[in-house]
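Student: File structure-v3.tsv below, TSV, C-alpha atoms:
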```
chain	number	residue	atom	x	y	z
K	1	MET	CA	-28.40	57.13	10.52
K	2	ASP	CA	-30.16	56.04	13.60
K	3	LYS	CA	-33.17	55.18	11.57
K	4	LEU	CA	-31.16	53.04	9.17
K	5	GLU	CA	-29.55	51.22	12.04
K	6	HIS	CA	-32.96	50.56	13.52
K	7	ILE	CA	-34.24	49.25	10.20
K	8	ASN	CA	-31.25	46.97	9.81
K	9	GLU	CA	-31.87	45.59	13.24
K	10	LEU	CA	-35.52	44.99	12.41
K	11	LEU	CA	-34.60	43.35	9.13
K	12	GLU	CA	-32.25	41.00	10.87
K	13	LYS	CA	-35.00	40.09	13.30
K	14	PHE	CA	-37.45	39.72	10.40
K	15	TYR	CA	-35.24	37.29	8.55
K	16	GLN	CA	-34.92	35.28	11.70
K	17	GLY	CA	-38.69	35.26	11.91
K	18	ALA	CA	-38.68	36.99	15.25
K	19	THR	CA	-40.48	40.22	14.42
K	20	SER	CA	-43.88	41.12	15.77
K	21	THR	CA	-46.67	42.30	13.51
K	22	GLU	CA	-46.10	45.93	14.56
K	23	GLU	CA	-42.44	45.72	13.66
K	24	GLU	CA	-43.29	44.14	10.32
K	25	ALA	CA	-45.78	46.92	9.66
K	26	GLU	CA	-43.06	49.43	10.50
K	27	LEU	CA	-40.69	47.80	8.01
K	28	GLN	CA	-43.42	47.72	5.40
K	29	ASP	CA	-44.11	51.35	6.04
K	30	TYR	CA	-40.47	52.26	5.76
K	31	PHE	CA	-39.91	50.48	2.45
K	32	ASN	CA	-43.10	51.87	0.98
K	33	ARG	CA	-42.43	55.49	1.78
K	34	GLU	CA	-38.82	56.32	2.11
K	35	LYS	CA	-36.02	56.37	-0.28
K	36	VAL	CA	-33.89	53.40	0.48
K	37	PRO	CA	-30.12	53.26	0.49
K	38	GLU	CA	-28.47	51.08	-2.15
K	39	GLU	CA	-27.63	48.28	0.28
K	40	LEU	CA	-31.28	47.71	1.18
K	41	ARG	CA	-32.70	47.65	-2.34
K	42	THR	CA	-33.14	43.91	-2.49
K	43	ASP	CA	-34.93	44.01	0.85
K	44	ARG	CA	-37.17	46.72	-0.49
K	45	GLU	CA	-38.13	44.64	-3.49
K	46	LEU	CA	-39.12	41.82	-1.18
K	47	PHE	CA	-41.30	44.04	0.95
K	48	VAL	CA	-42.94	45.72	-2.04
K	49	SER	CA	-43.84	42.38	-3.55
K	50	MET	CA	-45.09	41.21	-0.17
K	51	ALA	CA	-47.26	44.27	0.05
K	52	SER	CA	-48.83	43.60	-3.31
K	53	ALA	CA	-49.32	39.95	-2.41
K	54	ARG	CA	-51.11	41.00	0.73
K	55	GLU	CA	-54.04	42.19	-1.29
K	56	PRO	CA	-56.72	39.58	-0.75
K	57	VAL	CA	-56.75	36.94	-3.46
K	58	GLU	CA	-60.12	35.64	-4.40
K	59	VAL	CA	-60.29	31.90	-3.71
K	60	PRO	CA	-62.27	30.06	-6.36
K	61	ALA	CA	-65.22	28.22	-4.85
K	62	ASP	CA	-64.34	24.87	-6.39
K	63	LEU	CA	-60.65	25.02	-5.57
K	64	ASN	CA	-60.94	22.07	-3.24
K	65	LYS	CA	-62.61	19.97	-5.88
K	66	LYS	CA	-60.09	21.02	-8.48
K	67	ILE	CA	-57.19	20.08	-6.33
K	68	ILE	CA	-58.62	16.72	-5.46
K	69	SER	CA	-59.56	15.88	-9.03
K	70	GLY	CA	-56.13	17.00	-10.19
K	71	LEU	CA	-54.50	14.84	-7.60
K	72	SER	CA	-56.56	11.80	-8.46
K	73	ALA	CA	-55.88	12.31	-12.17
K	74	ALA	CA	-52.18	12.41	-11.46
K	75	GLU	CA	-52.49	9.28	-9.40
K	76	HIS	CA	-54.44	7.59	-12.15
K	77	VAL	CA	-51.80	8.38	-14.74
K	78	GLU	CA	-49.14	7.08	-12.44
K	79	SER	CA	-50.89	3.81	-11.71
K	80	ARG	CA	-51.59	3.25	-15.40
K	81	SER	CA	-48.00	3.81	-16.31
K	82	ARG	CA	-46.97	1.40	-13.62
K	83	ARG	CA	-49.33	-1.24	-14.99
K	84	ILE	CA	-47.92	-0.72	-18.45
K	85	GLY	CA	-44.54	-1.28	-16.91
K	86	ILE	CA	-45.57	-4.66	-15.53
K	87	TYR	CA	-47.17	-5.66	-18.82
K	88	SER	CA	-44.18	-4.73	-20.88
K	89	PHE	CA	-41.91	-6.53	-18.46
K	90	SER	CA	-43.88	-9.75	-18.69
K	91	ALA	CA	-44.13	-9.31	-22.45
K	92	LEU	CA	-40.38	-9.02	-22.57
K	93	ALA	CA	-40.03	-12.13	-20.44
K	94	ALA	CA	-42.50	-14.02	-22.63
K	95	GLY	CA	-40.63	-12.93	-25.72
K	96	LEU	CA	-37.37	-14.13	-24.26
K	97	LEU	CA	-38.97	-17.45	-23.37
K	98	ILE	CA	-40.28	-17.89	-26.89
K	99	LEU	CA	-36.88	-17.08	-28.33
K	100	LEU	CA	-35.22	-19.51	-25.95
K	101	SER	CA	-37.64	-22.32	-26.68
K	102	VAL	CA	-37.36	-21.75	-30.42
K	103	TYR	CA	-33.60	-21.84	-30.08
K	104	LEU	CA	-33.64	-24.99	-28.00
K	105	GLY	CA	-36.26	-26.52	-30.26
K	106	PHE	CA	-34.02	-25.76	-33.19
K	107	LEU	CA	-31.20	-27.57	-31.46
K	108	ARG	CA	-33.41	-30.58	-30.86
K	109	GLU	CA	-34.67	-30.48	-34.42
K	110	ASP	CA	-31.09	-30.86	-35.43
K	111	GLN	CA	-31.12	-34.14	-33.52
K	112	ASN	CA	-28.12	-33.58	-31.42
K	113	PRO	CA	-25.79	-30.62	-31.54
K	114	ALA	CA	-22.83	-32.88	-30.94
K	115	MET	CA	-23.79	-35.11	-33.86
K	116	THR	CA	-23.65	-32.44	-36.54
K	117	GLN	CA	-19.88	-32.68	-36.54
K	118	TYR	CA	-20.19	-36.19	-37.98
K	119	ALA	CA	-22.52	-35.10	-40.74
K	120	ILE	CA	-21.09	-35.81	-44.16
K	121	GLU	CA	-20.82	-32.74	-46.32
K	122	ASP	CA	-19.44	-34.27	-49.48
K	123	PRO	CA	-22.41	-35.51	-51.56
K	124	GLU	CA	-20.41	-38.29	-53.20
K	125	MET	CA	-19.30	-39.62	-49.82
K	126	ALA	CA	-22.82	-39.24	-48.46
K	127	TYR	CA	-24.23	-41.16	-51.41
K	128	LYS	CA	-21.72	-43.96	-50.90
K	129	GLU	CA	-22.25	-44.14	-47.17
K	130	ALA	CA	-26.03	-43.98	-47.44
K	131	LYS	CA	-25.98	-46.72	-50.03
K	132	LYS	CA	-23.67	-48.82	-47.92
K	133	ALA	CA	-25.88	-48.34	-44.88
K	134	LEU	CA	-29.06	-49.17	-46.75
K	135	GLU	CA	-27.50	-52.21	-48.31
K	136	TYR	CA	-26.36	-53.30	-44.88
K	137	VAL	CA	-29.91	-52.90	-43.56
K	138	SER	CA	-31.23	-54.64	-46.63
K	139	MET	CA	-28.83	-57.53	-46.22
K	140	LYS	CA	-29.63	-58.00	-42.55
K	141	TRP	CA	-33.33	-57.73	-43.29
K	142	ASN	CA	-33.20	-60.28	-46.06
K	143	ASP	CA	-31.08	-62.53	-43.85
K	144	GLY	CA	-33.92	-62.50	-41.37
K	145	THR	CA	-36.73	-62.93	-43.83
K	146	GLU	CA	-34.79	-65.72	-45.50
K	147	GLN	CA	-35.10	-67.64	-42.26
K	148	LEU	CA	-38.83	-67.10	-42.51
K	149	GLY	CA	-38.62	-68.32	-46.08
K	150	ASN	CA	-36.94	-71.51	-44.87
K	151	LEU	CA	-39.78	-71.99	-42.42
K	152	GLN	CA	-42.25	-71.68	-45.25
K	153	GLN	CA	-40.22	-74.25	-47.14
K	154	VAL	CA	-40.56	-76.57	-44.17
K	155	ASN	CA	-44.29	-75.95	-44.15
K	156	LYS	CA	-44.52	-76.88	-47.81
K	157	THR	CA	-42.59	-80.07	-47.18
K	158	MET	CA	-44.88	-80.86	-44.30
K	159	GLU	CA	-47.83	-80.44	-46.64
K	160	THR	CA	-46.36	-82.88	-49.10
K	161	VAL	CA	-45.69	-85.27	-46.29
K	162	SER	CA	-49.31	-85.06	-45.19
K	163	THR	CA	-50.59	-85.70	-48.73
K	164	MET	CA	-48.25	-88.68	-48.85
K	165	ASN	CA	-49.79	-89.81	-45.61
K	166	LYS	CA	-53.22	-89.54	-47.13
K	167	LEU	CA	-52.05	-91.52	-50.12
K	168	SER	CA	-50.63	-94.23	-47.95
K	169	SER	CA	-53.76	-94.41	-45.82
K	170	GLY	CA	-55.78	-94.62	-49.04
K	171	SER	CA	-53.62	-97.41	-50.31
K	172	ARG	CA	-54.01	-99.19	-47.00
K	173	GLU	CA	-57.77	-99.02	-47.44
K	174	LEU	CA	-57.37	-100.39	-50.95
K	175	ASN	CA	-55.30	-103.14	-49.47
K	176	LEU	CA	-58.02	-103.93	-46.99
K	177	LEU	CA	-60.62	-103.96	-49.74
K	178	GLY	CA	-58.44	-106.32	-51.75
K	179	ASN	CA	-58.12	-108.60	-48.75
K	180	LEU	CA	-61.87	-108.57	-48.27
K	181	ARG	CA	-62.42	-109.48	-51.88
K	182	LYS	CA	-59.91	-112.31	-51.54
K	183	ALA	CA	-61.80	-113.54	-48.49
K	184	ASP	CA	-65.07	-113.40	-50.46
K	185	GLN	CA	-63.54	-115.43	-53.26
K	186	ILE	CA	-62.29	-118.04	-50.79
K	187	GLN	CA	-65.76	-118.24	-49.26
K	188	LEU	CA	-67.32	-118.66	-52.69
K	189	GLN	CA	-64.97	-121.50	-53.47
N	1	MET	CA	-42.59	-12.19	-11.09
N	2	LYS	CA	-38.89	-12.82	-11.49
N	3	LYS	CA	-39.19	-16.03	-9.55
N	4	ILE	CA	-41.93	-17.27	-11.87
N	5	ILE	CA	-39.87	-16.48	-14.95
N	6	ILE	CA	-36.80	-18.18	-13.57
N	7	LEU	CA	-38.94	-21.19	-12.70
N	8	LEU	CA	-40.36	-21.32	-16.22
N	9	LEU	CA	-36.90	-21.11	-17.71
N	10	LEU	CA	-35.69	-23.93	-15.53
N	11	VAL	CA	-38.65	-26.10	-16.47
N	12	ALA	CA	-38.07	-25.43	-20.17
N	13	LEU	CA	-34.39	-26.23	-19.83
N	14	ALA	CA	-34.98	-29.37	-17.83
N	15	GLY	CA	-37.48	-30.52	-20.44
N	16	THR	CA	-35.03	-30.17	-23.27
N	17	ILE	CA	-32.20	-31.82	-21.43
N	18	SER	CA	-34.16	-34.87	-20.32
N	19	ALA	CA	-35.52	-35.24	-23.85
N	20	GLN	CA	-32.26	-36.83	-24.91
N	21	SER	CA	-33.08	-40.38	-25.89
N	22	ALA	CA	-31.29	-43.64	-25.23
N	23	ILE	CA	-30.10	-43.58	-28.83
N	24	ASP	CA	-28.61	-40.12	-28.40
N	25	ARG	CA	-26.90	-41.26	-25.24
N	26	ILE	CA	-25.26	-44.17	-27.02
N	27	PHE	CA	-24.12	-41.90	-29.82
N	28	ASP	CA	-22.81	-39.37	-27.35
N	29	LYS	CA	-20.90	-42.03	-25.50
N	30	TYR	CA	-19.24	-43.78	-28.42
N	31	ALA	CA	-19.10	-41.29	-31.26
N	32	GLY	CA	-15.61	-40.19	-32.12
N	33	LYS	CA	-13.93	-42.73	-29.85
N	34	ASP	CA	-11.22	-45.07	-31.03
N	35	GLY	CA	-12.60	-48.23	-32.53
N	36	TYR	CA	-15.93	-46.74	-33.58
N	37	THR	CA	-17.10	-45.13	-36.77
N	38	THR	CA	-19.86	-42.59	-36.80
N	39	VAL	CA	-21.60	-41.44	-39.92
N	40	VAL	CA	-24.43	-38.96	-40.10
N	41	ILE	CA	-26.32	-38.14	-43.25
N	42	ASN	CA	-28.88	-35.45	-42.63
N	43	SER	CA	-32.07	-34.39	-44.34
N	44	PHE	CA	-30.38	-31.64	-46.32
N	45	MET	CA	-28.05	-34.18	-47.88
N	46	PHE	CA	-30.91	-36.51	-48.74
N	47	LYS	CA	-32.75	-33.69	-50.43
N	48	PHE	CA	-29.62	-33.00	-52.39
N	49	LEU	CA	-29.05	-36.67	-53.24
N	50	SER	CA	-32.57	-37.03	-54.62
N	51	ASN	CA	-31.62	-34.61	-57.37
N	52	ILE	CA	-28.23	-35.55	-58.68
N	53	GLU	CA	-26.93	-36.74	-62.02
N	54	THR	CA	-24.98	-39.95	-61.78
N	55	SER	CA	-23.95	-42.81	-63.97
N	56	ASP	CA	-24.55	-45.30	-61.18
N	57	PRO	CA	-27.05	-47.84	-62.52
N	58	GLU	CA	-28.28	-48.43	-58.97
N	59	TYR	CA	-29.19	-44.80	-58.46
N	60	GLU	CA	-32.85	-45.27	-59.29
N	61	SER	CA	-33.31	-48.04	-56.74
N	62	PHE	CA	-31.39	-45.95	-54.23
N	63	LYS	CA	-33.70	-43.04	-54.90
N	64	SER	CA	-36.85	-45.06	-54.41
N	65	ALA	CA	-35.44	-46.62	-51.25
N	66	THR	CA	-34.59	-43.23	-49.73
N	67	LYS	CA	-37.73	-41.39	-50.81
N	68	GLY	CA	-39.18	-40.91	-47.34
N	69	ILE	CA	-35.93	-40.91	-45.41
N	70	GLU	CA	-34.89	-37.79	-43.57
N	71	SER	CA	-31.66	-38.80	-41.95
N	72	ILE	CA	-29.42	-41.74	-41.28
N	73	ARG	CA	-27.13	-42.10	-38.31
N	74	ILE	CA	-24.71	-44.94	-38.16
N	75	LEU	CA	-22.51	-46.13	-35.36
N	76	THR	CA	-20.33	-49.15	-35.98
N	77	GLN	CA	-17.68	-50.90	-34.03
N	78	ASP	CA	-14.54	-51.29	-36.07
N	79	GLY	CA	-12.66	-54.06	-34.44
N	80	LYS	CA	-12.07	-56.29	-31.53
N	81	GLY	CA	-10.84	-54.65	-28.39
N	82	SER	CA	-13.37	-51.89	-28.33
N	83	GLN	CA	-16.38	-52.41	-26.14
N	84	ALA	CA	-19.41	-53.87	-27.89
N	85	PHE	CA	-22.18	-51.34	-27.33
N	86	GLY	CA	-25.10	-53.40	-28.63
N	87	LYS	CA	-25.91	-55.07	-25.32
N	88	GLU	CA	-25.82	-51.78	-23.47
N	89	LEU	CA	-28.14	-50.24	-26.01
N	90	LEU	CA	-30.58	-53.13	-25.84
N	91	LYS	CA	-30.60	-52.73	-22.09
N	92	ILE	CA	-31.36	-49.01	-21.92
N	93	LEU	CA	-33.63	-48.82	-24.94
N	94	PRO	CA	-37.20	-47.70	-24.10
N	95	TRP	CA	-38.84	-50.73	-25.63
N	96	ASP	CA	-42.37	-49.50	-25.11
N	97	GLU	CA	-41.76	-46.73	-27.61
N	98	TYR	CA	-40.92	-49.16	-30.38
N	99	GLU	CA	-42.58	-51.92	-32.33
N	100	GLU	CA	-40.49	-55.00	-32.88
N	101	LEU	CA	-40.37	-55.95	-36.54
N	102	MET	CA	-37.99	-58.82	-36.37
N	103	VAL	CA	-35.43	-60.30	-34.03
N	104	VAL	CA	-32.87	-62.68	-35.45
N	105	LYS	CA	-30.64	-64.57	-33.09
N	106	GLN	CA	-27.77	-66.43	-34.60
N	107	SER	CA	-25.16	-68.08	-32.40
N	108	ASP	CA	-23.56	-65.10	-30.70
N	109	GLU	CA	-25.21	-62.34	-32.67
N	110	GLU	CA	-28.57	-60.70	-32.16
N	111	VAL	CA	-30.11	-58.54	-34.87
N	112	VAL	CA	-33.09	-56.42	-33.86
N	113	PHE	CA	-35.32	-54.42	-36.18
N	114	LEU	CA	-37.50	-51.81	-34.53
N	115	VAL	CA	-39.76	-49.03	-35.71
N	116	LYS	CA	-41.30	-46.09	-33.95
N	117	GLU	CA	-44.70	-45.09	-35.20
N	118	GLU	CA	-46.64	-41.87	-34.98
N	119	GLY	CA	-50.19	-42.58	-35.98
N	120	ASP	CA	-49.86	-44.79	-39.02
N	121	ARG	CA	-46.56	-43.39	-40.14
N	122	ILE	CA	-43.19	-44.87	-39.38
N	123	VAL	CA	-41.00	-42.07	-38.07
N	124	GLU	CA	-37.94	-43.96	-36.97
N	125	PHE	CA	-36.32	-47.24	-37.90
N	126	LEU	CA	-33.67	-48.93	-35.80
N	127	LEU	CA	-31.32	-51.69	-36.70
N	128	ILE	CA	-29.31	-52.94	-33.78
N	129	VAL	CA	-26.68	-55.58	-34.28
N	130	SER	CA	-25.39	-56.84	-30.99
N	131	GLY	CA	-22.71	-59.42	-30.77
N	132	ASN	CA	-19.72	-60.36	-28.69
N	133	GLY	CA	-17.42	-60.00	-31.63
N	134	ASP	CA	-16.18	-57.01	-33.45
N	135	GLU	CA	-19.07	-55.65	-35.42
N	136	ASP	CA	-21.79	-54.22	-33.29
N	137	ALA	CA	-23.79	-51.75	-35.28
N	138	LEU	CA	-26.55	-49.25	-34.77
N	139	ILE	CA	-28.34	-47.68	-37.69
N	140	VAL	CA	-31.01	-45.08	-37.03
N	141	ILE	CA	-33.13	-43.99	-39.94
N	142	THR	CA	-35.66	-41.24	-39.39
N	143	GLY	CA	-38.51	-40.53	-41.73
N	144	ASN	CA	-40.93	-42.78	-43.48
N	145	ILE	CA	-38.94	-45.83	-44.41
N	146	ASP	CA	-39.99	-48.17	-47.20
N	147	LEU	CA	-38.69	-51.57	-46.17
N	148	GLU	CA	-39.89	-53.20	-49.35
N	149	SER	CA	-37.71	-51.08	-51.59
N	150	ILE	CA	-34.81	-51.27	-49.16
N	151	SER	CA	-34.92	-55.04	-49.01
N	152	SER	CA	-35.01	-55.18	-52.78
N	153	LEU	CA	-31.67	-53.36	-52.86
N	154	THR	CA	-29.80	-56.56	-52.13
N	155	ARG	CA	-32.40	-59.20	-52.85
N	156	GLY	CA	-30.83	-61.98	-54.83
N	157	MET	CA	-27.42	-60.46	-54.41
N	158	ASP	CA	-26.00	-63.41	-52.51
N	159	LEU	CA	-27.86	-65.80	-54.75
N	160	PRO	CA	-26.32	-65.19	-58.16
N	161	ALA	CA	-28.33	-67.96	-59.75
N	162	MET	CA	-31.57	-66.26	-58.76
N	163	GLU	CA	-30.34	-63.01	-60.18
N	164	ASN	CA	-29.89	-64.66	-63.53
N	165	LEU	CA	-33.40	-66.03	-63.37
N	166	GLU	CA	-34.78	-62.59	-62.61
N	167	GLY	CA	-32.92	-61.34	-65.64
N	168	LEU	CA	-34.65	-63.91	-67.81
N	169	ASP	CA	-38.07	-62.59	-66.83
N	170	LYS	CA	-37.30	-59.15	-68.25
```
Translate this file's structure into structure tokens.
Tutor:
Amino acid sequence: MDKLEHINELLEKFYQGATSTEEEAELQDYFNREKVPEELRTDRELFVSMASAREPVEVPADLNKKIISGLSAAEHVESRSRRIGIYSFSALAAGLLILLSVYLGFLREDQNPAMTQYAIEDPEMAYKEAKKALEYVSMKWNDGTEQLGNLQQVNKTMETVSTMNKLSSGSRELNLLGNLRKADQIQLQ
Amino acid sequence: MKKIIILLLLVALAGTISAQSAIDRIFDKYAGKDGYTTVVINSFMFKFLSNIETSDPEYESFKSATKGIESIRILTQDGKGSQAFGKELLKILPWDEYEELMVVKQSDEEVVFLVKEEGDRIVEFLLIVSGNGDEDALIVITGNIDLESISSLTRGMDLPAMENLEGLDK
């Protein structure tokens, strides 16, 4: 009984991390050799596994290298995934921009979103209105060009006037010639 | 990153908003108001109209006149009392974007014909009638407009005698 009490005490100390190496060795010894009461079985398992773990493990010579390369590989994967994240984010943003501009472009293509409500949907009406509009344009256009036509008319008249002028100047010359001839005849007489 | 995206979005938005032209502004301001009539015939309708069966003897000339036309927008003032928009339009119109075809001034009415060109093609035709009276009008035709065939729509119409002469030729 005394022994068990002692062991319990040591265990308590051990779990608090306050045991010395001798005391730990004593515990180890106890769990290895003696039959253990039911209540200490879990403790025993711990100490047995600790005992087996205490056998020296061979450290591979390139452990350091392995760890470092493993770490850097992990880091590499992480940084790549982060870059992919940035790319996909900007791709998403670009896609949204394209969609938006297409949408807005579509609106502009349609002239004016507010104007579509005035669009005629009945073909007969549209035909009538279009015809009316074109005839209106046509009329106004011809009104304007008619004025030009009048100008051309004036030009033509001016031309006739100038030919008349020529005629009259010609006849004046004839007149002069006639006068000269008359003068000659008078001189001859 | 986020800031850049937001900036880009704002720039894109600002671009589309400021792209609204003087014409659009006039339409926005007067369309649907009392005293004004707005009519829009869009490209879909013109495509449809180029392919219909009709007994209208003028259909062929209509078809040739509308061959290159994509859309027509019309804004007219219906009567006295409503504000004449022609002057306002002539004031805010970006004249450097247009070529003047013809300006006719008659007493209190000014009729302006303008075209917008892209390369050698006419892409937009404007007829602005601005007066003090009751019939200001704005007609916007987009597409390649053939003025020759349009003017022949009514040529001789107000000169019945000429029409008869034309008939004799045929």
Student: May I have the residues within 10 Å of N:Glu110 as an mmCIF file with C-alpha atoms, in the coordinates of the input, using only C-alpha atoms and disregarding those fewer than 6 positions away in the same chain?
Tutor:
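File produced: out.cif:
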```cif
data_model
loop_
_atom_site.group_PDB
_atom_site.id
_atom_site.type_symbol
_atom_site.label_atom_id
_atom_site.label_comp_id
_atom_site.auth_asym_id
_atom_site.auth_seq_id
_atom_site.Cartn_x
_atom_site.Cartn_y
_atom_site.Cartn_z
ATOM 1 C CA GLY N 86 -25.100 -53.400 -28.630
ATOM 2 C CA LYS N 87 -25.910 -55.070 -25.320
ATOM 3 C CA VAL N 103 -35.430 -60.300 -34.030
ATOM 4 C CA VAL N 104 -32.870 -62.680 -35.450
ATOM 5 C CA ILE N 128 -29.310 -52.940 -33.780
ATOM 6 C CA VAL N 129 -26.680 -55.580 -34.280
ATOM 7 C CA SER N 130 -25.390 -56.840 -30.990
ATOM 8 C CA GLY N 131 -22.710 -59.420 -30.770
ATOM 9 C CA ASN N 132 -19.720 -60.360 -28.690
ATOM 10 C CA ASP N 136 -21.790 -54.220 -33.290
#
```
Student: Mind listing as a PyMOL selection string which residues of chain N are within 8 Å of chain K, counting all atoms listed in the file?
Tutor: chain N and resi 5+9+12+16+24+27-28+38-42+45+48-49+62+72+74+102-104+111+127+139+150-155
Student: Would you place a box with edges along x, y and z of the file around all atoms of stretch 142-154 of chain K listed there, add 6 Å to each of its six sides, and report the centre and edge lengths in Å to one decimal, as JSON?
Tutor:
```
{"center_x": -36.7, "center_y": -68.4, "center_z": -44.3, "size_x": 23.2, "size_y": 28.3, "size_z": 17.8}
```
Student: Pick the closest to N:Pro94 from N:Ser21, N:Ser71, N:Tyr30, N:Val140: which is it, counting only C-alpha atoms?
Tutor: N:Ser21
Student: For atom CA of N:Lys116 and atom CA of N:Tyr98, quote the distance in Å rounded to one decimal.
Tutor: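 These atoms are spaced 4.7 Å apart.
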Student: At a cut-off of 12 Å, using all atoms listed in the file, what residues contact N:Tyr59? Leave out same-chain residues fewer than 4 positions from it and give the result as a PyMOL selection string.
Tutor: (chain K and resi 127-128+130-131) or (chain N and resi 49-55+63-67+153)
Student: Could you jot down the atom CA of N:Trp95 to atom CA of N:Asp108 separation for me, Å, one decimal place?
Tutor: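 Computing it gives 21.6 Å between the two atoms.
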Student: When you draw a straight line from atom CA of K:Ile7 to atom CA of K:Glu26, how long is it in Å?
Tutor: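 About the pair atom CA of K:Ile7 and atom CA of K:Glu26: they are 8.8 Å apart.
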Student: When you look at N:Leu75 with a cut-off of 6 Å (counting all atoms listed in the file), what residues show up, excluding the ones that are within fewer than 5 positions of it in the same chain? I need them as a ChimeraX atom specification.
Tutor: /N:37-38,137-138
